[in-house]
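The structure under discussion appears below in the form of structure tokens.
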Amino acid sequence: MPRDFLQSAQDSYDVVVIGSGLAGMTAANILGRAGHSVLLLEQHYKLGGLATWFKRPGGHIFDISLHGFPHGMIKSCKRYWNQAIADSIVPLKRIRFDNPVFSLTTSYHRDDFTRLLSEQFAVPRSTVDAFFDTARQMNFYDDQELTTGELFERFFPGRQDIVRLLMEPIVYANGSTLEDPALSYGIVFSNFMSKGVFTFEGGTDRLIQWMHDELRANGVDICIRCDVEQVIVERERVAAVKVNGRAIRTRSVVSNANLQSTIFRLVGERYFDSQFVDEARKVRVNNSSTQVYMALKPGEQIEESTGDLLFSSTAREFATDLLLSRDITSRTYSIYYPRTRPEGRARHLVVSSTNAKYEDWAGLTKEEYEQSKRDLIETTLDAAEKYLPNLRARVAHIEASTPVTFEHYTRHVAGSSFGTKFEGLAVSRALPEQVRGLYHAGSVGIIMSGWLGAINYGVIVANDVDACLMASTSGVSSSRSSE
Ligand SMILES: Cc1cc2nc3c(=O)[nH]c(=O)nc-3n(C[C@H](O)[C@H](O)[C@H](O)COP(=O)(O)OP(=O)(O)OC[C@H]3O[C@@H](n4cnc5c(N)ncnc54)[C@H](O)[C@@H]3O)c2cc1C
């Protein structure tokens with residue numbers, strides 16, 4: 001008989017959270033902690049969504065999206081998770097850039113960037129200060145007409161080299177481009193510049209295990225391998241979710257699934273007004289990426305001077321098209337030293353990431369796809385040997401992922417690494433006005449993406465759901481169960 005993954009689930013809840021990405025888990029945790037009955041449903045066999053990892057024989061553990069996040073994670077994890085999680089967040093030491101125009105190493109703080117811009121790039125100190133102050137003052141309510149490209153042109157006219165320094169890490173951190181609203185750049189850039197780039201000591205596997213334990217401690221019921229098929233709407237409000245052949249009644253749903261999948265697949269367009277449907281259709285998804293995962297043989301080491309994050313490019317110019325092209329010129333290397341997992345085996349790993357378009361990978365035949373992955377691995381090894389001599393001979397395990405891989409594991413439309421573009425935020429926020437009790441928390445609008453953005457968006461939505469549940473006098477009764 002097939003295993004019943006919903007065995008521990010009750011028949012009704014105050015909240016059902018669909019998807020266990022960082023936004024979904026954070027929303028579930030806050031609502032569980034507030035005393036609501038919460039069921040967290042995940043279609044995959046493990047929690048975390050894109051915040052995930054995989055193991056390979058020989059003791060190699062690869063992190064998929066643990067490359068770097070801003071200092072704000074410490075505060076968010078302390079408040080909305082626990083002290084132990086917050087205490088494991090540590091700074092990355094060396095961020096490197098290497099391209100035909102400049103090579104440098106930085107701590108990625110405002111002070112260090114001010115020094116670099118004024119000394120190495122010869123920009124007057126007053127201009128640098130004015131740029132930083134403008135970026136820091138940006139907020140959600142600002143004019144969205146100004147693009148990031150125009151912002152740079154205002155402060156550093158004609159300076160392609162500076163655009164590259166300022167933009168490359170942010171493209172990597174949230175997929176934004178020169179054509180996106182400047183505020184999506186300014187907010188994220190200022191977050192990083194406040195104290196630099198941080199990581200989670202112990203690896204993604206430890207983080208997600210600790211989050212799981214915290215969710216359970218807060219009474220959240222968790223079911224994996226539960227692919228929600230439908231959100232059932234009755235009298236213009238959420239009534240239940242259909243999953244693994246069962247209908248589980250609920251007063252509210254937080255969908256952490258892709259925004260468009262939530263609207264068009266899980267709920268169905270007939271429950272929304274036509275203007276909203278038009279807006280939802282216009283939402284663009286962010287790009288995806290390819291990655292090459294390399295584990296060095298036991299005993300093989302990487303010099304710390306190689307850096308933690310290395311933004312490498314062979315292109316003379318910085319351009320969005322070049323960053324997404326199949327003809328790869330830009331690669332970001334994350335180097336994982338044994339300190340990433342101090343309690344694990346002393347291994348050195350490298351993950352090379354490159355932004356990519358879903359269309360370039362989705363239409364291939366099986367043979368073409370496998371051959372393209374092999375080419376990606378070979379060209380990445382060639383490129384990485386510039387920084388890691390003789391890498392080919394030193395690698396014990398190597399494999400690649402593509403936009404199709406990300407789509408497969410998380411169901412994201414087009415394997416998007418950072419959800420939707422900016423216009424997704426308004427659509428996501430407007431859901432409860434369309435269907436009462438229906439919420440979305442997950443990577444949208446660039447700012448609400450990445451580890452910190454997703455967690456913070458989970459908090460915002462959890463507060464909305466809490467307010468709605470507290471205000472409502474009717475609904476199914478709330479009772480907690482234990483696993
Ligand atoms: C290669 C790569 C590198 C990245 N690097 C960084 C980085 O260095 N720093 C950073 O801050 N961010 C990084 N990110 C982005 C970051 O990982 C994501 O923005 C963030 O983890 C997304 O969280 P989320 O809550 O939006 O949900 P997701 O992680 O997208 O999770 C959504 C979850 O919903 C589940 N789901 C979907 N549909 C259903 C359904 N019908 N029923 C049940 N479950 C369902 C999925 O299985 C998934 O678990 C990277 C992303 C990628 C792909």
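Labels used: A, B, ... for chains in the order of the structure tokens, numbers from 1 for residues in each chain, and numbers from 1 for ligands as shown.
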
Determine, for each residue of range 75-125 of chain A having at least one atom at most 12 Å from an atom of range 330-345 of chain A, the closest pair of atoms and their separation in Å to one decimal, counting only C-alpha atoms; order by chain and ascending number, as a Markdown table.
```
| residue | atom | partner | partner_atom | distance |
| --- | --- | --- | --- | --- |
| A:Ser88 | CA | A:Thr340 | CA | 10.4 |
| A:Ile89 | CA | A:Thr340 | CA | 10.7 |
| A:Val90 | CA | A:Thr340 | CA | 9.7 |
| A:Pro91 | CA | A:Thr340 | CA | 11.1 |
| A:Leu92 | CA | A:Thr340 | CA | 10.2 |
| A:Lys93 | CA | A:Ile335 | CA | 11.3 |
| A:Arg94 | CA | A:Ile335 | CA | 10.3 |
| A:Ile95 | CA | A:Ser334 | CA | 9.7 |
| A:Arg96 | CA | A:Tyr333 | CA | 9.6 |
| A:Phe97 | CA | A:Thr332 | CA | 9.3 |
| A:Asp98 | CA | A:Ser330 | CA | 9.9 |
| A:Asn99 | CA | A:Ser330 | CA | 8.9 |
| A:Pro100 | CA | A:Ser330 | CA | 11.4 |
```

Item checked: Site check for ligand 1: residues at most 6 Å away, only C-alpha atoms and all ligand atoms, as a PyMOL selection string -> chain A and resi 18-24+41-44+48-51+64-69+173+226-229+256-257+289+410-411+417-418+442-443+449-452+454

What would the file look like if the residues just selected were written as an mmCIF file, in the first residue's frame with C-alpha atoms?
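As written to disk, selection.cif reads:
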```cif
data_model
loop_
_atom_site.group_PDB
_atom_site.id
_atom_site.type_symbol
_atom_site.label_atom_id
_atom_site.label_comp_id
_atom_site.auth_asym_id
_atom_site.auth_seq_id
_atom_site.Cartn_x
_atom_site.Cartn_y
_atom_site.Cartn_z
ATOM 1 C CA ILE A 18 1.695 25.442 0.582
ATOM 2 C CA GLY A 19 5.438 25.099 0.102
ATOM 3 C CA SER A 20 8.379 25.078 2.473
ATOM 4 C CA GLY A 21 10.691 27.669 0.933
ATOM 5 C CA LEU A 22 12.129 30.189 3.397
ATOM 6 C CA ALA A 23 9.058 32.441 3.061
ATOM 7 C CA GLY A 24 6.621 29.553 3.589
ATOM 8 C CA LEU A 41 2.645 21.012 2.955
ATOM 9 C CA GLU A 42 5.677 20.426 0.715
ATOM 10 C CA GLN A 43 5.622 18.528 -2.567
ATOM 11 C CA HIS A 44 9.344 17.610 -2.414
ATOM 12 C CA GLY A 48 13.761 24.356 2.162
ATOM 13 C CA GLY A 49 12.706 24.936 -1.457
ATOM 14 C CA LEU A 50 15.644 26.602 -3.195
ATOM 15 C CA ALA A 51 17.437 26.828 0.151
ATOM 16 C CA ILE A 64 22.579 25.225 -3.931
ATOM 17 C CA SER A 65 21.823 28.789 -2.856
ATOM 18 C CA LEU A 66 24.068 29.414 0.144
ATOM 19 C CA HIS A 67 26.413 31.922 -1.454
ATOM 20 C CA GLY A 68 25.801 35.086 0.491
ATOM 21 C CA PHE A 69 23.130 37.254 2.089
ATOM 22 C CA ALA A 173 22.156 38.298 -5.414
ATOM 23 C CA CYS A 226 2.295 16.467 -0.512
ATOM 24 C CA ASP A 227 1.719 18.195 -3.829
ATOM 25 C CA VAL A 228 -1.260 20.514 -3.410
ATOM 26 C CA GLU A 229 -3.510 20.207 -6.461
ATOM 27 C CA ASN A 256 4.681 29.765 -1.181
ATOM 28 C CA ALA A 257 4.334 28.243 -4.629
ATOM 29 C CA SER A 289 20.756 29.829 -13.661
ATOM 30 C CA THR A 410 10.548 23.584 -6.972
ATOM 31 C CA ARG A 411 7.894 23.833 -9.727
ATOM 32 C CA SER A 417 15.882 31.598 -9.272
ATOM 33 C CA PHE A 418 14.381 34.782 -7.826
ATOM 34 C CA GLY A 442 7.533 33.897 -1.834
ATOM 35 C CA SER A 443 10.109 35.490 -4.064
ATOM 36 C CA SER A 449 13.720 37.578 -3.037
ATOM 37 C CA GLY A 450 16.842 35.870 -1.861
ATOM 38 C CA TRP A 451 17.118 34.340 1.582
ATOM 39 C CA LEU A 452 16.561 37.578 3.518
ATOM 40 C CA ALA A 454 11.931 35.642 1.300
#
```

Next item on the list: Would you please work out which residue, of A:Ala471, A:Met167, A:Leu31, A:Ala319, is nearest to Gly458 in chain A when using only C-alpha atoms?
Entry: A:Leu31

Check: Please, which residues of range 22-148 of chain A, numbered as in this document, come out helix (DSSP H, G or I) from DSSP, as a PyMOL selection string?
Finding: chain A and resi 22-33+72-80+83-87+110-120+125-137+148

Notebook entry, point to check: With only C-alpha atoms as the basis for distance, which of A:Val427, A:Ile446, A:Val220, A:Val38 is at the shortest distance from Ala182 in chain A?
Noted result: A:Ile446

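Using only C-alpha atoms, the shortest contact distance between Gly453 in chain A and any of A:Asn191, A:Arg316, A:Val16, A:Gln7 is found at A:Asn191.
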
Name the residues of range 299-350 of chain A that fall into strand (DSSP E) according to DSSP on the backbone, using the chain letters and numbers of this document, as an mmCIF file with C-alpha atoms, in the first residue's frame.
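Below you can see selection_16.cif, which holds the result:
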```
data_model
loop_
_atom_site.group_PDB
_atom_site.id
_atom_site.type_symbol
_atom_site.label_atom_id
_atom_site.label_comp_id
_atom_site.auth_asym_id
_atom_site.auth_seq_id
_atom_site.Cartn_x
_atom_site.Cartn_y
_atom_site.Cartn_z
ATOM 1 C CA LEU A 309 33.011 34.682 -3.672
ATOM 2 C CA LEU A 310 34.719 35.414 -6.948
ATOM 3 C CA PHE A 311 32.945 37.371 -9.672
ATOM 4 C CA SER A 312 34.806 36.460 -12.814
ATOM 5 C CA SER A 313 34.160 37.628 -16.338
ATOM 6 C CA SER A 330 30.577 35.512 -16.511
ATOM 7 C CA ARG A 331 30.885 32.976 -13.738
ATOM 8 C CA THR A 332 30.534 33.460 -10.015
ATOM 9 C CA TYR A 333 32.522 30.983 -7.969
ATOM 10 C CA SER A 334 31.563 30.201 -4.392
ATOM 11 C CA ILE A 335 34.401 28.551 -2.554
ATOM 12 C CA TYR A 336 33.416 26.388 0.405
ATOM 13 C CA LEU A 349 34.222 22.556 -2.723
ATOM 14 C CA VAL A 350 33.540 25.006 -5.523
#
```

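CA of Leu178 in chain A lies 19.4 Å from CA of Asp133 in chain A.
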
Sort by chain and increasing residue number a table of all residues of range 122-216 of chain A within 12 Å of range 291-308 of chain A, each with its closest pair of atoms and their distance in Å to one decimal, counting only C-alpha atoms, and write it as CSV.
```
residue,atom,partner,partner_atom,distance
A:Val197,CA,A:Asp308,CA,9.9
A:Phe198,CA,A:Asp308,CA,10.3
A:Thr199,CA,A:Asp308,CA,10.1
```

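Between CA of Val254 in chain A and CA of Val238 in chain A there is a distance of 10.4 Å.
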
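Of the listed residues A:Thr250, A:Thr148, A:Asn218, A:Asn244, the one whose atoms come nearest to Leu469 in chain A is A:Thr250, with distances taken using only C-alpha atoms.
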
Check: Could you state the separation of CA of Lys421 in chain A and CA of Val444 in chain A in Å, given to one decimal place?
Finding: 6.3 Å

Checklist line | Asp360 in chain A surroundings by only C-alpha atoms, 9 Å radius, close-in-sequence under 3 positions cut, as a VMD selection string | finding: chain A and resid 325 to 326 356 to 357 363 to 364 403

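Nearest to Val277 in chain A of all the residues A:Ile162, A:Ala393, A:Leu146, A:Leu431 is A:Leu431, counting only C-alpha atoms.
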
Next item on the list: Skip Glu214 in chain A itself and residues of its chain fewer than 5 positions away, then list as an MDAnalysis selection string all residues within 9 Å of it, counting only C-alpha atoms.
Entry: chainID A and resid 29 81:82 209 219:220

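The shell of residues at most 6 Å from range 192-196 of chain A, with only C-alpha atoms counted and near chain neighbours (fewer than 4 positions) removed, consists of A:Pro70, A:Tyr108, A:His109, A:Arg110.
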